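S.K.: Take a look at this one; I'll ask things after.
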Amino acid sequence: SPMNTPASHPSRISAIRFWSTAISFIAVPLFAGLTAYEVNTIKETLAAYGRDELVRSRLAILSATSLYLNFVTMFIHLLNLIGVMRNNN
């Protein structure tokens with residue numbers, strides 16, 4: 001029956017939940033720090049090469065994409081943490 005699959009075993013589910021929570025607790029501050037570092041790098045690069053229109057436009061696209069991915073990753077891990085906390089109550 002589908003309920004007796006190895007993935008639905010209670011101890012395996014709690015192990016998966018534990019590791020998922022642990023990864024999220026590490027990922028949120030890690031990506032927050034990475035985002036702060038990238039913002040600082042963007043500011044320094046813009047200060048050094050800001051007069052070049054081509055560099056500015058490429059920097060804008062790459063920076064926006066990188067920051068977007070960082071925020072999405074942080075958001076997913078925050079949702080995971082909120083979901084775990086909500087399920088524990």
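FYI, nothing fancy with the structure tokens labels: chains A, B, ... in order, residues from 1 per chain, ligands from 1 as they appear.
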Within 12 Å of A:Ser20, counting only C-alpha atoms, which residues qualify if same-chain residues fewer than 3 places away don't, as a compact mmCIF listing (two decimals) with all heavy atoms, in the first residue's frame?
M.R.:
# COMPACT_ATOMS: atom_id res chain seq x y z
N ILE A 13 10.61 10.59 8.11
CA ILE A 13 10.01 11.91 7.91
C ILE A 13 10.59 12.91 8.90
O ILE A 13 10.92 14.03 8.54
CB ILE A 13 8.47 11.84 8.02
CG1 ILE A 13 7.91 11.09 6.81
CG2 ILE A 13 7.86 13.23 8.11
CD1 ILE A 13 6.43 10.80 6.90
N SER A 14 10.76 12.51 10.15
CA SER A 14 11.33 13.44 11.13
C SER A 14 12.79 13.73 10.83
O SER A 14 13.26 14.84 11.05
CB SER A 14 11.16 12.90 12.55
OG SER A 14 11.88 11.69 12.71
N ALA A 15 13.52 12.76 10.29
CA ALA A 15 14.91 13.01 9.90
C ALA A 15 14.97 13.99 8.74
O ALA A 15 15.80 14.90 8.72
CB ALA A 15 15.60 11.70 9.53
N ILE A 16 14.09 13.82 7.77
CA ILE A 16 14.04 14.74 6.63
C ILE A 16 13.68 16.14 7.10
O ILE A 16 14.28 17.13 6.68
CB ILE A 16 13.04 14.23 5.56
CG1 ILE A 16 13.58 12.96 4.90
CG2 ILE A 16 12.76 15.32 4.52
CD1 ILE A 16 12.58 12.26 4.02
N ARG A 17 12.71 16.23 8.00
CA ARG A 17 12.30 17.54 8.55
C ARG A 17 13.45 18.18 9.32
O ARG A 17 13.70 19.38 9.21
CB ARG A 17 11.08 17.37 9.43
CG ARG A 17 10.54 18.71 9.92
CD ARG A 17 9.27 18.55 10.70
NE ARG A 17 8.21 18.09 9.81
CZ ARG A 17 7.18 17.35 10.20
NH1 ARG A 17 7.06 16.98 11.45
NH2 ARG A 17 6.26 16.99 9.34
N ILE A 23 19.33 22.88 7.32
CA ILE A 23 19.84 23.53 6.11
C ILE A 23 19.27 24.94 5.99
O ILE A 23 19.98 25.89 5.65
CB ILE A 23 19.52 22.68 4.86
CG1 ILE A 23 20.37 21.41 4.89
CG2 ILE A 23 19.75 23.47 3.58
CD1 ILE A 23 19.99 20.37 3.87
N SER A 24 17.99 25.10 6.29
CA SER A 24 17.38 26.42 6.20
C SER A 24 17.95 27.38 7.24
O SER A 24 18.14 28.56 6.96
CB SER A 24 15.86 26.31 6.36
OG SER A 24 15.30 25.67 5.23
N PHE A 25 18.23 26.88 8.46
CA PHE A 25 18.83 27.73 9.49
C PHE A 25 20.21 28.21 9.08
O PHE A 25 20.65 29.29 9.47
CB PHE A 25 18.90 27.00 10.83
CG PHE A 25 17.74 27.25 11.73
CD1 PHE A 25 16.91 26.20 12.10
CD2 PHE A 25 17.45 28.52 12.20
CE1 PHE A 25 15.82 26.42 12.93
CE2 PHE A 25 16.37 28.75 13.03
CZ PHE A 25 15.55 27.69 13.39
N ILE A 26 20.91 27.41 8.32
CA ILE A 26 22.24 27.80 7.82
C ILE A 26 22.11 28.69 6.59
O ILE A 26 22.83 29.68 6.43
CB ILE A 26 23.09 26.54 7.52
CG1 ILE A 26 23.39 25.80 8.81
CG2 ILE A 26 24.36 26.90 6.78
CD1 ILE A 26 23.96 24.42 8.61
N ALA A 27 21.17 28.36 5.71
CA ALA A 27 21.05 29.06 4.43
C ALA A 27 20.60 30.51 4.57
O ALA A 27 21.10 31.37 3.84
CB ALA A 27 20.08 28.31 3.51
N ILE A 76 12.55 31.17 0.10
CA ILE A 76 12.17 29.76 0.14
C ILE A 76 12.58 29.14 1.47
O ILE A 76 11.81 28.41 2.09
CB ILE A 76 12.80 29.00 -1.05
CG1 ILE A 76 12.11 29.41 -2.35
CG2 ILE A 76 12.74 27.48 -0.85
CD1 ILE A 76 12.79 28.92 -3.60
N HIS A 77 13.78 29.44 1.93
CA HIS A 77 14.23 28.88 3.20
C HIS A 77 13.46 29.47 4.39
O HIS A 77 13.18 28.76 5.36
CB HIS A 77 15.74 29.06 3.38
CG HIS A 77 16.53 28.12 2.52
ND1 HIS A 77 16.63 26.78 2.79
CD2 HIS A 77 17.23 28.32 1.39
CE1 HIS A 77 17.37 26.19 1.88
NE2 HIS A 77 17.75 27.11 1.01
N LEU A 78 13.11 30.74 4.31
CA LEU A 78 12.27 31.33 5.37
C LEU A 78 10.88 30.68 5.39
O LEU A 78 10.35 30.40 6.47
CB LEU A 78 12.15 32.84 5.18
CG LEU A 78 13.36 33.65 5.59
CD1 LEU A 78 13.21 35.09 5.12
CD2 LEU A 78 13.57 33.60 7.09
N LEU A 79 10.32 30.43 4.23
CA LEU A 79 9.03 29.74 4.17
C LEU A 79 9.14 28.34 4.77
O LEU A 79 8.23 27.88 5.47
CB LEU A 79 8.52 29.65 2.74
CG LEU A 79 7.97 30.91 2.12
CD1 LEU A 79 7.57 30.66 0.67
CD2 LEU A 79 6.81 31.45 2.91
N ASN A 80 10.24 27.67 4.49
CA ASN A 80 10.46 26.35 5.06
C ASN A 80 10.50 26.43 6.59
O ASN A 80 9.87 25.62 7.28
CB ASN A 80 11.75 25.74 4.53
CG ASN A 80 12.00 24.35 5.05
OD1 ASN A 80 11.08 23.54 5.14
ND2 ASN A 80 13.23 24.07 5.39
N LEU A 81 11.22 27.40 7.13
CA LEU A 81 11.31 27.54 8.58
C LEU A 81 9.95 27.88 9.20
O LEU A 81 9.57 27.34 10.24
CB LEU A 81 12.34 28.61 8.95
CG LEU A 81 13.79 28.25 8.67
CD1 LEU A 81 14.69 29.45 8.93
CD2 LEU A 81 14.21 27.05 9.50
N ILE A 82 9.21 28.76 8.55
CA ILE A 82 7.88 29.11 9.05
C ILE A 82 6.96 27.91 9.02
O ILE A 82 6.19 27.66 9.95
CB ILE A 82 7.29 30.30 8.24
CG1 ILE A 82 8.09 31.56 8.53
CG2 ILE A 82 5.82 30.49 8.54
CD1 ILE A 82 7.78 32.71 7.60
N GLY A 83 7.05 27.12 7.95
CA GLY A 83 6.23 25.91 7.85
C GLY A 83 6.57 24.89 8.90
O GLY A 83 5.69 24.25 9.49
N VAL A 84 7.85 24.71 9.17
CA VAL A 84 8.27 23.77 10.21
C VAL A 84 7.77 24.23 11.57
O VAL A 84 7.25 23.44 12.36
CB VAL A 84 9.80 23.59 10.20
CG1 VAL A 84 10.28 22.89 11.46
CG2 VAL A 84 10.25 22.85 8.96
S.K.: So that I can see what lies close to stretch 36-47 of chain A, please list as a ChimeraX atom specification the residues with an atom at most 9 Å from it, counting only C-alpha atoms and leaving out residues fewer than 3 positions away in the same chain.
M.R.: /A:31-33,50-51,55-56,59-60,63,66-67
S.K.: Include N, CA and C atoms and write out the residues we just selected as a JSON list (two decimals), in the first residue's frame.
M.R.:
[["chain", "number", "residue", "atom", "x", "y", "z"],
["A", 31, "PHE", "N", 22.91, 33.36, 3.00],
["A", 31, "PHE", "CA", 22.50, 34.15, 1.83],
["A", 31, "PHE", "C", 22.31, 35.62, 2.18],
["A", 32, "ALA", "N", 21.96, 35.93, 3.43],
["A", 32, "ALA", "CA", 21.90, 37.33, 3.84],
["A", 32, "ALA", "C", 23.29, 37.95, 3.78],
["A", 33, "GLY", "N", 24.28, 37.23, 4.29],
["A", 33, "GLY", "CA", 25.66, 37.71, 4.21],
["A", 33, "GLY", "C", 26.16, 37.81, 2.79],
["A", 50, "GLY", "N", 31.91, 53.13, -13.33],
["A", 50, "GLY", "CA", 30.61, 53.75, -13.54],
["A", 50, "GLY", "C", 30.50, 54.67, -14.74],
["A", 51, "ARG", "N", 31.61, 55.14, -15.26],
["A", 51, "ARG", "CA", 31.54, 56.05, -16.40],
["A", 51, "ARG", "C", 31.32, 55.32, -17.72],
["A", 55, "VAL", "N", 29.60, 48.83, -19.40],
["A", 55, "VAL", "CA", 29.86, 48.14, -18.13],
["A", 55, "VAL", "C", 28.70, 48.35, -17.17],
["A", 56, "ARG", "N", 28.19, 49.58, -17.12],
["A", 56, "ARG", "CA", 27.06, 49.88, -16.23],
["A", 56, "ARG", "C", 25.83, 49.06, -16.59],
["A", 59, "LEU", "N", 26.52, 45.40, -15.72],
["A", 59, "LEU", "CA", 26.54, 45.27, -14.26],
["A", 59, "LEU", "C", 25.12, 45.28, -13.71],
["A", 60, "ALA", "N", 24.28, 46.13, -14.25],
["A", 60, "ALA", "CA", 22.90, 46.21, -13.77],
["A", 60, "ALA", "C", 22.16, 44.90, -13.99],
["A", 63, "SER", "N", 23.85, 42.07, -11.78],
["A", 63, "SER", "CA", 23.62, 42.33, -10.36],
["A", 63, "SER", "C", 22.17, 42.08, -9.98],
["A", 66, "SER", "N", 21.58, 38.30, -9.90],
["A", 66, "SER", "CA", 22.21, 37.69, -8.74],
["A", 66, "SER", "C", 21.45, 38.01, -7.45],
["A", 67, "LEU", "N", 21.10, 39.26, -7.26],
["A", 67, "LEU", "CA", 20.36, 39.65, -6.06],
["A", 67, "LEU", "C", 18.97, 39.01, -6.03]]
S.K.: What gap, in Å, lies between atom CA of A:Leu30 and atom CA of A:Met74?
M.R.: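 Between these atoms lies a distance of 8.9 Å.
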S.K.: I'd like the interatomic distance between atom CA of A:Phe71 and atom CA of A:Arg86, to a tenth of an Å.
M.R.: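 Computing the Euclidean distance for atom CA of A:Phe71 and atom CA of A:Arg86 yields 22.0 Å.
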S.K.: Work out how far atom CA of A:Thr21 is from atom CA of A:Val72, in Å to one decimal.
M.R.: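 According to the coordinates, atom CA of A:Val72 and atom CA of A:Thr21 are separated by 17.1 Å.
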